[in-house]
$ cat target.txt   # compact mmCIF, C-alpha atoms and all ligand atoms
# COMPACT_ATOMS: atom_id res chain seq x y z
CA MET A 1 -3.89 -24.74 0.18
CA LYS A 2 -3.46 -21.23 -1.18
CA LYS A 3 -1.25 -18.95 0.93
CA ARG A 4 -2.95 -16.18 2.88
CA VAL A 5 -1.64 -12.81 1.76
CA LEU A 6 -2.67 -9.53 3.39
CA SER A 7 -1.97 -5.88 2.84
CA GLY A 8 -3.69 -2.58 3.55
CA ILE A 9 -3.53 0.96 2.27
CA GLN A 10 -4.38 4.13 4.14
CA PRO A 11 -7.06 6.34 2.60
CA SER A 12 -4.91 9.40 2.68
CA GLY A 13 -4.97 11.06 -0.71
CA LYS A 14 -4.46 10.61 -4.39
CA LEU A 15 -2.86 7.36 -5.43
CA HIS A 16 0.38 7.63 -7.35
CA ILE A 17 2.41 5.28 -9.51
CA GLY A 18 4.65 4.41 -6.53
CA ASN A 19 1.57 3.03 -4.76
CA TYR A 20 0.52 1.18 -7.90
CA PHE A 21 3.77 -0.63 -8.65
CA GLY A 22 4.84 -0.87 -4.99
CA MET A 23 1.60 -2.34 -3.71
CA ILE A 24 -1.62 -2.41 -5.74
CA LYS A 25 -0.36 -4.21 -8.85
CA ARG A 26 1.13 -6.88 -6.61
CA MET A 27 -2.24 -7.31 -4.87
CA VAL A 28 -3.98 -7.69 -8.22
CA GLU A 29 -1.49 -10.43 -9.14
CA TYR A 30 -1.82 -12.11 -5.76
CA GLN A 31 -5.59 -12.43 -6.04
CA GLU A 32 -5.02 -14.94 -8.86
CA SER A 33 -2.60 -17.15 -6.96
CA SER A 34 -3.38 -16.73 -3.26
CA ASP A 35 -6.11 -16.18 -0.70
CA LEU A 36 -5.83 -12.39 -0.72
CA PHE A 37 -6.96 -10.02 2.04
CA CYS A 38 -6.85 -6.37 0.96
CA PHE A 39 -8.30 -3.51 3.00
CA ILE A 40 -8.59 0.25 3.40
CA ALA A 41 -6.81 1.15 6.64
CA ASN A 42 -9.00 4.04 7.85
CA LEU A 43 -8.26 3.41 11.56
CA HIS A 44 -4.61 4.02 10.73
CA SER A 45 -5.49 7.28 8.98
CA LEU A 46 -7.33 8.48 12.08
CA THR A 47 -3.92 8.93 13.75
CA THR A 48 -3.44 12.00 11.57
CA LEU A 49 -6.75 12.79 9.84
CA THR A 50 -9.48 14.29 12.04
CA ASP A 51 -11.92 15.80 9.54
CA ALA A 52 -15.00 13.53 9.32
CA ASP A 53 -16.10 14.59 5.83
CA GLU A 54 -12.58 14.22 4.51
CA MET A 55 -12.29 10.75 6.12
CA LYS A 56 -15.51 9.55 4.45
CA LYS A 57 -14.51 10.99 1.10
CA LEU A 58 -10.99 9.56 1.15
CA THR A 59 -12.21 6.12 2.27
CA LEU A 60 -14.68 5.81 -0.60
CA GLU A 61 -12.16 7.23 -3.05
CA ALA A 62 -9.50 4.75 -1.99
CA ALA A 63 -11.96 1.86 -2.39
CA THR A 64 -13.04 3.14 -5.81
CA ASP A 65 -9.41 3.53 -6.90
CA MET A 66 -8.48 0.01 -5.82
CA LEU A 67 -11.48 -1.52 -7.61
CA ALA A 68 -10.70 0.49 -10.74
CA LEU A 69 -7.10 -0.70 -10.66
CA GLY A 70 -8.12 -4.34 -10.70
CA ILE A 71 -8.96 -5.49 -7.19
CA ASN A 72 -11.77 -7.97 -7.80
CA PRO A 73 -14.07 -8.64 -4.82
CA ASP A 74 -15.01 -12.03 -6.28
CA LYS A 75 -11.38 -13.12 -6.10
CA CYS A 76 -10.28 -11.64 -2.77
CA HIS A 77 -11.45 -10.26 0.54
CA PHE A 78 -11.84 -6.50 0.21
CA TRP A 79 -13.15 -4.30 3.02
CA VAL A 80 -12.76 -1.18 5.17
CA GLN A 81 -10.81 -1.75 8.39
CA SER A 82 -13.28 -0.04 10.76
CA ASP A 83 -16.12 -2.30 9.56
CA VAL A 84 -14.40 -5.16 11.40
CA PRO A 85 -14.19 -3.77 14.96
CA GLU A 86 -12.77 -7.09 16.26
CA VAL A 87 -9.39 -5.77 15.13
CA ALA A 88 -9.55 -3.00 17.76
CA GLU A 89 -10.10 -5.53 20.56
CA LEU A 90 -7.15 -7.58 19.38
CA THR A 91 -5.01 -4.42 19.25
CA TRP A 92 -5.66 -3.84 22.95
CA ILE A 93 -4.88 -7.43 23.87
CA LEU A 94 -1.65 -7.40 21.86
CA SER A 95 -0.60 -4.01 23.23
CA CYS A 96 -0.64 -5.53 26.72
CA LEU A 97 2.08 -7.93 25.53
CA THR A 98 4.09 -5.39 23.59
CA PRO A 99 7.19 -3.93 25.27
CA MET A 100 7.33 -0.11 25.17
CA GLY A 101 10.90 -0.38 23.89
CA LEU A 102 9.77 -2.23 20.76
CA MET A 103 7.34 0.57 19.84
CA GLU A 104 9.86 3.27 20.74
CA ARG A 105 12.25 1.86 18.15
CA ALA A 106 9.76 2.27 15.28
CA HIS A 107 11.49 4.31 12.52
CA SER A 108 8.28 5.62 11.08
CA TYR A 109 7.19 6.99 14.50
CA LYS A 110 10.61 8.52 15.12
CA ASP A 111 10.62 10.12 11.63
CA LYS A 112 7.24 11.70 12.25
CA ILE A 113 8.35 13.11 15.60
CA ALA A 114 11.53 14.44 13.97
CA LYS A 115 9.35 16.22 11.39
CA GLY A 116 7.52 17.99 14.21
CA VAL A 117 4.29 15.92 14.22
CA GLN A 118 2.62 16.20 17.65
CA PRO A 119 2.21 12.50 18.47
CA ASN A 120 -0.95 11.03 19.94
CA LEU A 121 -1.22 7.63 21.60
CA GLY A 122 -2.74 6.17 18.42
CA LEU A 123 0.29 7.14 16.37
CA PHE A 124 2.56 5.52 18.94
CA CYS A 125 0.46 2.31 18.94
CA TYR A 126 0.15 2.25 15.14
CA PRO A 127 2.36 -0.87 14.78
CA ALA A 128 0.19 -2.73 17.32
CA LEU A 129 -2.90 -2.02 15.20
CA MET A 130 -1.02 -3.13 12.10
CA THR A 131 0.00 -6.30 13.96
CA ALA A 132 -3.64 -6.98 14.81
CA ASP A 133 -4.62 -6.51 11.12
CA ILE A 134 -2.06 -9.09 10.13
CA LEU A 135 -2.57 -11.63 12.90
CA ILE A 136 -6.37 -11.56 13.09
CA ASN A 137 -6.53 -12.96 9.57
CA GLN A 138 -3.72 -15.46 10.16
CA SER A 139 -1.76 -13.91 7.30
CA GLU A 140 1.29 -15.74 6.04
CA ILE A 141 2.68 -13.17 3.61
CA VAL A 142 2.52 -9.39 3.88
CA PRO A 143 3.58 -7.56 0.70
CA VAL A 144 4.65 -4.02 1.54
CA GLY A 145 7.16 -1.33 0.55
CA LYS A 146 10.50 -0.98 2.33
CA ASP A 147 9.07 1.67 4.68
CA GLN A 148 6.73 -0.90 6.26
CA LYS A 149 9.24 -3.71 6.72
CA GLN A 150 9.98 -2.92 10.34
CA HIS A 151 6.27 -2.89 11.21
CA VAL A 152 5.84 -6.39 9.76
CA GLU A 153 8.89 -7.57 11.69
CA MET A 154 7.29 -6.20 14.85
CA SER A 155 4.15 -8.21 14.10
CA ARG A 156 6.33 -11.33 13.91
CA ASP A 157 7.93 -10.53 17.29
CA ILE A 158 4.54 -9.98 18.90
CA ALA A 159 3.04 -13.15 17.36
CA ILE A 160 5.97 -15.24 18.60
CA LYS A 161 5.70 -13.70 22.06
CA PHE A 162 1.96 -14.37 22.22
CA ASN A 163 2.34 -17.98 21.05
CA ASN A 164 5.08 -18.61 23.63
CA LYS A 165 3.04 -17.15 26.44
CA PHE A 166 -0.46 -18.41 25.61
CA GLY A 167 0.07 -21.37 23.27
CA GLU A 168 0.08 -21.67 19.46
CA THR A 169 -2.53 -19.18 18.28
CA PHE A 170 -1.12 -17.11 15.45
CA VAL A 171 0.56 -17.88 12.15
CA ILE A 172 3.93 -16.10 12.03
CA PRO A 173 3.81 -13.67 9.07
CA GLU A 174 6.61 -12.89 6.62
CA PRO A 175 7.14 -9.51 4.93
CA GLU A 176 7.55 -9.66 1.15
CA ILE A 177 9.52 -6.82 -0.43
CA PRO A 178 10.84 -7.29 -3.97
CA GLU A 179 14.08 -5.30 -4.32
CA ASP A 180 13.37 -3.81 -7.76
CA ILE A 181 10.14 -2.05 -6.76
CA ALA A 182 10.91 -1.42 -3.11
CA SER A 183 11.36 2.30 -3.64
CA ILE A 184 10.07 3.94 -6.79
CA PRO A 185 11.55 7.41 -7.27
CA GLY A 186 9.42 10.54 -7.44
CA ILE A 187 9.97 13.36 -9.93
CA ASP A 188 12.71 14.84 -7.72
CA GLY A 189 14.55 11.52 -7.23
CA GLN A 190 13.53 10.97 -3.59
CA LYS A 191 11.11 8.08 -2.88
CA MET A 192 7.79 8.94 -4.52
CA SER A 193 5.46 9.91 -1.71
CA LYS A 194 2.45 12.13 -1.07
CA SER A 195 4.39 13.64 1.79
CA TYR A 196 7.16 14.86 -0.52
CA ASN A 197 4.89 16.39 -3.17
CA ASN A 198 6.85 14.58 -5.87
CA THR A 199 4.24 12.16 -7.18
CA ILE A 200 2.86 11.25 -10.57
CA PRO A 201 -0.82 10.71 -9.79
CA ILE A 202 -2.82 7.98 -11.52
CA PHE A 203 -6.32 9.44 -11.66
CA ASP A 204 -5.75 13.18 -11.93
CA ASP A 205 -6.48 15.21 -15.08
CA GLU A 206 -4.12 14.48 -17.95
CA SER A 207 -2.75 18.02 -17.69
CA VAL A 208 -1.69 17.38 -14.06
CA ILE A 209 -0.01 14.09 -15.00
CA LYS A 210 1.74 15.82 -17.92
CA LYS A 211 2.98 18.63 -15.68
CA ALA A 212 4.41 16.10 -13.22
CA VAL A 213 6.18 14.06 -15.92
CA MET A 214 7.59 17.16 -17.64
CA GLY A 215 8.86 18.31 -14.23
CA ILE A 216 11.07 15.23 -13.71
CA VAL A 217 14.52 16.39 -12.65
CA THR A 218 17.38 15.68 -15.09
CA ASP A 219 20.93 16.88 -15.60
CA SER A 220 21.58 19.48 -18.31
CA LYS A 221 22.86 17.25 -21.14
CA GLY A 222 21.81 18.41 -24.62
CA VAL A 223 19.86 16.38 -27.19
CA GLU A 224 22.87 14.90 -28.97
CA GLU A 225 24.89 14.05 -25.87
CA PRO A 226 25.03 10.45 -24.63
CA LYS A 227 23.11 10.05 -21.36
CA GLU A 228 23.49 7.67 -18.45
CA THR A 229 20.60 5.39 -17.57
CA LYS A 230 22.09 4.80 -14.12
CA GLY A 231 20.53 7.28 -11.72
CA SER A 232 18.11 8.59 -14.38
CA ILE A 233 14.61 9.05 -12.93
CA ILE A 234 13.06 8.96 -16.42
CA TYR A 235 14.71 5.61 -17.11
CA GLU A 236 13.78 4.14 -13.71
CA LEU A 237 10.14 5.06 -14.25
CA TYR A 238 10.04 3.99 -17.91
CA LYS A 239 11.33 0.59 -16.82
CA LEU A 240 8.12 -0.01 -14.88
CA PHE A 241 5.96 0.30 -17.97
CA THR A 242 7.76 -1.62 -20.70
CA SER A 243 8.73 -4.97 -22.06
CA ALA A 244 12.41 -5.96 -22.10
CA ASP A 245 12.68 -5.26 -25.87
CA GLU A 246 11.18 -1.81 -25.69
CA LEU A 247 13.39 -0.99 -22.72
CA LYS A 248 16.46 -2.07 -24.65
CA SER A 249 15.72 0.27 -27.53
CA PHE A 250 14.98 3.14 -25.10
CA LYS A 251 18.28 2.46 -23.36
CA THR A 252 20.17 2.47 -26.66
CA SER A 253 18.68 5.84 -27.75
CA PHE A 254 19.48 7.22 -24.33
CA GLU A 255 23.08 6.06 -24.33
CA LYS A 256 24.04 6.86 -27.89
CA GLY A 257 22.64 10.41 -27.81
CA GLY A 258 20.09 11.94 -30.17
CA MET A 259 17.13 11.66 -27.79
CA GLY A 260 16.64 14.75 -25.64
CA TYR A 261 15.17 14.60 -22.16
CA GLY A 262 12.04 16.39 -23.42
CA ASP A 263 11.35 13.59 -25.93
CA ALA A 264 12.16 10.90 -23.38
CA LYS A 265 9.63 12.46 -21.02
CA LYS A 266 7.00 12.55 -23.78
CA THR A 267 7.57 8.85 -24.48
CA LEU A 268 7.21 8.12 -20.77
CA LEU A 269 4.05 10.23 -20.55
CA GLU A 270 2.46 8.30 -23.42
CA LYS A 271 3.24 5.01 -21.68
CA ILE A 272 1.70 6.24 -18.43
CA LEU A 273 -1.47 7.51 -20.11
CA ASP A 274 -1.86 4.33 -22.21
CA THR A 275 -1.30 2.02 -19.25
CA PHE A 276 -3.82 3.73 -17.00
CA LYS A 277 -6.44 4.57 -19.66
CA PRO A 278 -8.64 1.48 -19.04
CA PHE A 279 -8.34 2.01 -15.27
CA ARG A 280 -9.39 5.63 -15.64
CA GLU A 281 -12.46 4.54 -17.61
CA LYS A 282 -13.37 1.92 -15.02
CA ARG A 283 -12.94 4.52 -12.28
CA ALA A 284 -15.32 6.94 -13.99
CA GLU A 285 -17.91 4.13 -14.18
CA LEU A 286 -17.58 3.29 -10.49
CA GLU A 287 -17.60 6.92 -9.48
CA ALA A 288 -20.98 7.27 -11.13
CA ASN A 289 -22.25 4.37 -9.02
CA PRO A 290 -21.06 4.80 -5.41
CA LYS A 291 -23.80 2.47 -4.15
CA LYS A 292 -22.10 -0.39 -5.98
CA VAL A 293 -18.82 0.36 -4.19
CA GLU A 294 -20.57 0.49 -0.80
CA ASP A 295 -22.29 -2.85 -1.46
CA ILE A 296 -18.97 -4.46 -2.33
CA LEU A 297 -17.43 -3.13 0.90
CA ASN A 298 -20.37 -4.29 3.03
CA LYS A 299 -20.24 -7.80 1.62
CA GLY A 300 -16.47 -7.85 2.04
CA SER A 301 -16.53 -6.90 5.72
CA GLU A 302 -19.28 -9.42 6.47
CA LYS A 303 -17.08 -12.25 5.19
CA VAL A 304 -13.94 -11.01 6.91
CA ARG A 305 -15.68 -10.47 10.27
CA LYS A 306 -16.38 -14.19 10.47
CA ILE A 307 -12.70 -15.03 9.97
CA SER A 308 -11.58 -12.33 12.41
CA LEU A 309 -14.05 -13.46 15.03
CA GLU A 310 -12.79 -17.01 14.79
CA THR A 311 -9.24 -15.86 15.59
CA LEU A 312 -10.41 -13.45 18.27
CA ASN A 313 -12.37 -16.20 20.02
CA LYS A 314 -9.20 -18.31 20.17
CA VAL A 315 -7.37 -15.33 21.66
CA ARG A 316 -10.11 -14.66 24.22
CA GLU A 317 -9.96 -18.33 25.18
CA ALA A 318 -6.16 -18.45 25.36
CA THR A 319 -5.87 -15.31 27.49
CA GLY A 320 -8.67 -16.24 29.92
CA LEU A 321 -10.85 -13.34 28.81
CA LYS A 322 -13.57 -15.85 28.04
CA TYR A 323 -14.61 -17.05 31.51
P1 LIG B 401 2.87 7.64 0.60
O1 LIG B 401 4.34 7.50 0.89
O2 LIG B 401 2.62 8.34 -0.69
O3 LIG B 401 2.12 8.28 1.75
P2 LIG B 401 1.73 5.19 1.54
O4 LIG B 401 2.66 5.24 2.72
O5 LIG B 401 0.28 5.48 1.76
O6 LIG B 401 2.31 6.19 0.42
O7 LIG B 401 1.93 3.79 0.82
C1 LIG B 401 0.91 2.88 0.44
C2 LIG B 401 1.56 1.63 -0.11
O8 LIG B 401 2.33 1.94 -1.29
C3 LIG B 401 2.56 0.98 0.86
O9 LIG B 401 2.53 -0.43 0.72
C4 LIG B 401 3.90 1.53 0.42
O10 LIG B 401 4.98 0.72 0.82
C5 LIG B 401 3.71 1.59 -1.10
N1 LIG B 401 4.52 2.69 -1.65
C6 LIG B 401 4.33 4.01 -1.45
N2 LIG B 401 5.26 4.75 -2.10
C7 LIG B 401 6.07 3.86 -2.73
C8 LIG B 401 7.22 3.98 -3.56
N3 LIG B 401 7.71 5.18 -3.88
N4 LIG B 401 7.82 2.86 -4.01
C9 LIG B 401 7.31 1.63 -3.69
N5 LIG B 401 6.23 1.44 -2.92
C10 LIG B 401 5.61 2.53 -2.43
N1 LIG B 402 0.73 0.95 7.51
C1 LIG B 402 0.51 0.63 6.13
C2 LIG B 402 0.89 1.86 5.25
O1 LIG B 402 0.84 2.97 5.70
C3 LIG B 402 -0.94 0.27 5.88
C4 LIG B 402 -1.32 -0.93 6.68
C5 LIG B 402 -2.13 -0.96 7.76
C6 LIG B 402 -0.89 -2.27 6.43
N2 LIG B 402 -2.25 -2.24 8.24
C7 LIG B 402 -1.49 -3.06 7.45
C8 LIG B 402 -0.05 -2.85 5.48
C9 LIG B 402 -1.26 -4.44 7.52
C10 LIG B 402 0.18 -4.24 5.57
C11 LIG B 402 -0.41 -5.02 6.58
O2 LIG B 402 1.21 1.68 4.09
$ encode --input "target.txt" --output "structure tokens"
Amino acid sequence: MKKRVLSGIQPSGKLHIGNYFGMIKRMVEYQESSDLFCFIANLHSLTTLTDADEMKKLTLEAATDMLALGINPDKCHFWVQSDVPEVAELTWILSCLTPMGLMERAHSYKDKIAKGVQPNLGLFCYPALMTADILINQSEIVPVGKDQKQHVEMSRDIAIKFNNKFGETFVIPEPEIPEDIASIPGIDGQKMSKSYNNTIPIFDDESVIKKAVMGIVTDSKGVEEPKETKGSIIYELYKLFTSADELKSFKTSFEKGGMGYGDAKKTLLEKILDTFKPFREKRAELEANPKKVEDILNKGSEKVRKISLETLNKVREATGLKY
């Protein structure tokens, strides 16, 4: 039996290469080898996004982006979270089993509060909704970035607690976080993230991508000076796009001197544009045909609702809600 793998992405803005290598590319690989569940987490976005037009636009854009980047609805389950409302019922049931202390320890919640975000109840319960996403589809593996590890661990705790209290109902999920791509640096060296304005976008105009790449922070070594690959953002990003041989020759030019940072950035830029060219073309095609994207999402949610309902019925039974 193929393993069930699940991950979601919030529709919250322009996708960047951190999202691609940290999550989407892995999903595209997983759809070949596993039973993949991949969804647009719009209910999660609602914790911070309250403009209806923006929500609709970002949801469709996220779906279009994922399809352009290789998510294939014939090989995986692909849908929008709110089209499977069963997940909201499970969230409530699970939140009645979830200790306040567990939620209060969530780093991501605490970080947001520290940054001055005015929290709502949804933001506080965010890990319970994420738990419901994972458990309702009986997911075994959850590929995420480092920032989401604690949330997946919480889903394990809650699943174990539920099974102990009400009998074996849920599969216990495992997070999957490869070390080498756990945190891709942005152009300033911090983790690449929309929130830090340090991203290299995938689908923006070439001029925007160029500006981002040329803005990568470096030290002030001159062209002829030998440069360190360790700690170099250019090198870390280049690594994502190349074969071992190409990387070796890049490393040699870097270390022996003779290649300036400007040239290294141009080489990186070419790699980025070449790699994403076919995806950009596919995206333009899909963008011209939004009906096709909507049909894919409708079919996807229809299939997933059946699976979700099956789990939810077990939960209703186990908890005595079905009388
Ligand atoms: P952002 O930080 O830009 O808001 P999200 O939190 O929406 O990105 O992340 C969506 C997915 O992409 C998650 O699985 C996350 O772990 C992954 N991801 C985001 N940024 C990076 C990064 N810099 N390195 C690795 N993975 C990342
Ligand atoms: N919280 C995740 C993020 O911001 C998105 C997400 C929602 C998710 N539900 C999930 C990821 C379930 C994995 C599994 O990136």
$ closest_atom_pairs --input "target.txt" --of "chain A" --to "ligand LIG 401 (chain B)" --cutoff "7 Å" --atoms "all atoms listed in the file" --output "CSV"
residue,atom,partner,partner_atom,distance
A:Ile9,CA,B:LIG401,C1,5.2
A:Gln10,CA,B:LIG401,O5,5.4
A:Ser12,CA,B:LIG401,O5,6.6
A:Gly18,CA,B:LIG401,C8,4.0
A:Asn19,CA,B:LIG401,O8,3.7
A:Tyr20,CA,B:LIG401,O8,6.9
A:Phe21,CA,B:LIG401,C9,6.5
A:Gly22,CA,B:LIG401,N5,3.4
A:Met23,CA,B:LIG401,O9,4.9
A:Val144,CA,B:LIG401,O9,4.2
A:Gly145,CA,B:LIG401,O10,3.0
A:Lys146,CA,B:LIG401,O10,6.0
A:Asp147,CA,B:LIG401,O10,5.7
A:Gln148,CA,B:LIG401,O10,5.9
A:Ile181,CA,B:LIG401,C9,5.6
A:Ala182,CA,B:LIG401,C9,4.8
A:Ser183,CA,B:LIG401,N4,3.6
A:Ile184,CA,B:LIG401,N4,3.7
A:Pro185,CA,B:LIG401,N3,5.6
A:Gly186,CA,B:LIG401,N3,6.7
A:Lys191,CA,B:LIG401,N3,4.6
A:Met192,CA,B:LIG401,N3,3.8
A:Ser193,CA,B:LIG401,O2,3.4
A:Lys194,CA,B:LIG401,O2,3.8
A:Ser195,CA,B:LIG401,O3,5.8
$ residues_near_ligand --input "target.txt" --ligand "ligand LIG 402 (chain B)" --cutoff "6 Å" --atoms "all atoms listed in the file" --output "list in words"
Leu6, Ser7, Gly8, Ile9, Gln10, Ala41, Met130, Asp133, Ile134 and Val142 of chain A
$ atom_distance --input "target.txt" --atom1 "atom CA of A:Lys306" --atom2 "atom CA of A:Asp53"
29.2 Å
$ residues_around --input "target.txt" --residues "stretch 61-73 of chain A" --least-positions-apart "5" --cutoff "6 Å" --atoms "all atoms listed in the file" --output "ChimeraX atom specification"
/A:11,28,78,279,282-283
$ atom_distance --input "target.txt" --atom1 "atom CA of A:Leu43" --atom2 "atom CA of A:Leu58"
12.4 Å
$ closest_residue --input "target.txt" --among "A:Ile202, A:Ser108, A:Asn137, A:Ala128" --to "A:Glu281" --atoms "all atoms listed in the file"
A:Ile202
$ atom_distance --input "target.txt" --atom1 "atom CA of A:Ser34" --atom2 "atom CA of A:Leu15"
24.2 Å
$ residues_around --input "target.txt" --residues "A:Leu46" --least-positions-apart "2" --cutoff "12 Å" --atoms "all atoms listed in the file" --output "list in words"
Gln10, Pro11, Ser12, Ala41, Asn42, Leu43, His44, Thr48, Leu49, Thr50, Asp51, Ala52, Glu54, Met55, Lys56, Leu58, Thr59, Gln81, Ser82, Asn120, Leu121, Gly122, Leu123, Tyr126 and Leu129 of chain A
$ closest_residue --input "target.txt" --among "A:Thr91, A:Gln118, A:Ser232, A:Ser308" --to "A:Lys265" --atoms "all atoms listed in the file"
A:Ser232
$ closest_residue --input "target.txt" --among "A:Lys271, A:Glu206, A:Glu285, A:Lys57" --to "A:Ser243" --atoms "only C-alpha atoms"
A:Lys271
$ closest_residue --input "target.txt" --among "A:Ser301, A:Thr169, A:Ser155, A:Thr242" --to "A:Glu317" --atoms "all atoms listed in the file"
A:Thr169
$ residues_around --input "target.txt" --residues "A:Leu247" --least-positions-apart "6" --cutoff "9 Å" --atoms "only C-alpha atoms" --output "ChimeraX atom specification"
/A:235,238-239,241
$ decode --input "target.txt" --residues "stretch 145-161 of chain A" --atoms "N, CA, C and O atoms" --output "short mmCIF file (atom, residue, chain, number, x, y, z; two decimals), in the first residue's frame"
data_model
loop_
_atom_site.label_atom_id
_atom_site.label_comp_id
_atom_site.auth_asym_id
_atom_site.auth_seq_id
_atom_site.Cartn_x
_atom_site.Cartn_y
_atom_site.Cartn_z
N GLY A 145 8.13 22.48 6.37
CA GLY A 145 9.38 23.17 6.74
C GLY A 145 9.51 23.14 8.26
O GLY A 145 8.55 22.79 8.96
N LYS A 146 10.71 23.53 8.72
CA LYS A 146 11.02 23.49 10.15
C LYS A 146 9.99 24.23 11.00
O LYS A 146 9.63 23.80 12.09
N ASP A 147 9.50 25.36 10.44
CA ASP A 147 8.57 26.22 11.18
C ASP A 147 7.27 25.50 11.56
O ASP A 147 6.57 25.92 12.48
N GLN A 148 6.94 24.43 10.84
CA GLN A 148 5.67 23.74 11.08
C GLN A 148 5.83 22.45 11.90
O GLN A 148 4.86 21.75 12.17
N LYS A 149 7.07 22.16 12.29
CA LYS A 149 7.34 20.88 12.95
C LYS A 149 6.50 20.75 14.24
O LYS A 149 5.87 19.73 14.50
N GLN A 150 6.51 21.81 15.03
CA GLN A 150 5.81 21.73 16.31
C GLN A 150 4.30 21.47 16.11
O GLN A 150 3.68 20.72 16.86
N HIS A 151 3.74 22.08 15.06
CA HIS A 151 2.30 21.86 14.80
C HIS A 151 2.03 20.38 14.49
O HIS A 151 1.01 19.83 14.91
N VAL A 152 2.94 19.76 13.74
CA VAL A 152 2.71 18.34 13.40
C VAL A 152 2.89 17.48 14.66
O VAL A 152 2.15 16.51 14.88
N GLU A 153 3.82 17.89 15.51
CA GLU A 153 3.99 17.14 16.76
C GLU A 153 2.72 17.26 17.64
O GLU A 153 2.31 16.30 18.28
N MET A 154 2.12 18.43 17.60
CA MET A 154 0.87 18.61 18.36
C MET A 154 -0.22 17.67 17.82
O MET A 154 -1.00 17.11 18.58
N SER A 155 -0.23 17.52 16.49
CA SER A 155 -1.27 16.65 15.90
C SER A 155 -1.04 15.21 16.35
O SER A 155 -2.01 14.46 16.55
N ARG A 156 0.21 14.84 16.53
CA ARG A 156 0.50 13.48 17.06
C ARG A 156 -0.04 13.36 18.49
O ARG A 156 -0.71 12.38 18.82
N ASP A 157 0.27 14.36 19.32
CA ASP A 157 -0.19 14.32 20.72
C ASP A 157 -1.72 14.18 20.79
O ASP A 157 -2.26 13.40 21.57
N ILE A 158 -2.38 14.97 19.95
CA ILE A 158 -3.85 14.98 20.01
C ILE A 158 -4.41 13.64 19.50
O ILE A 158 -5.36 13.09 20.07
N ALA A 159 -3.78 13.11 18.42
CA ALA A 159 -4.25 11.81 17.89
C ALA A 159 -4.08 10.71 18.94
O ALA A 159 -4.99 9.88 19.15
N ILE A 160 -2.94 10.72 19.63
CA ILE A 160 -2.68 9.68 20.64
C ILE A 160 -3.71 9.82 21.77
O ILE A 160 -4.30 8.84 22.23
N LYS A 161 -3.95 11.06 22.17
CA LYS A 161 -4.90 11.30 23.25
C LYS A 161 -6.31 10.80 22.86
O LYS A 161 -7.00 10.16 23.64
#
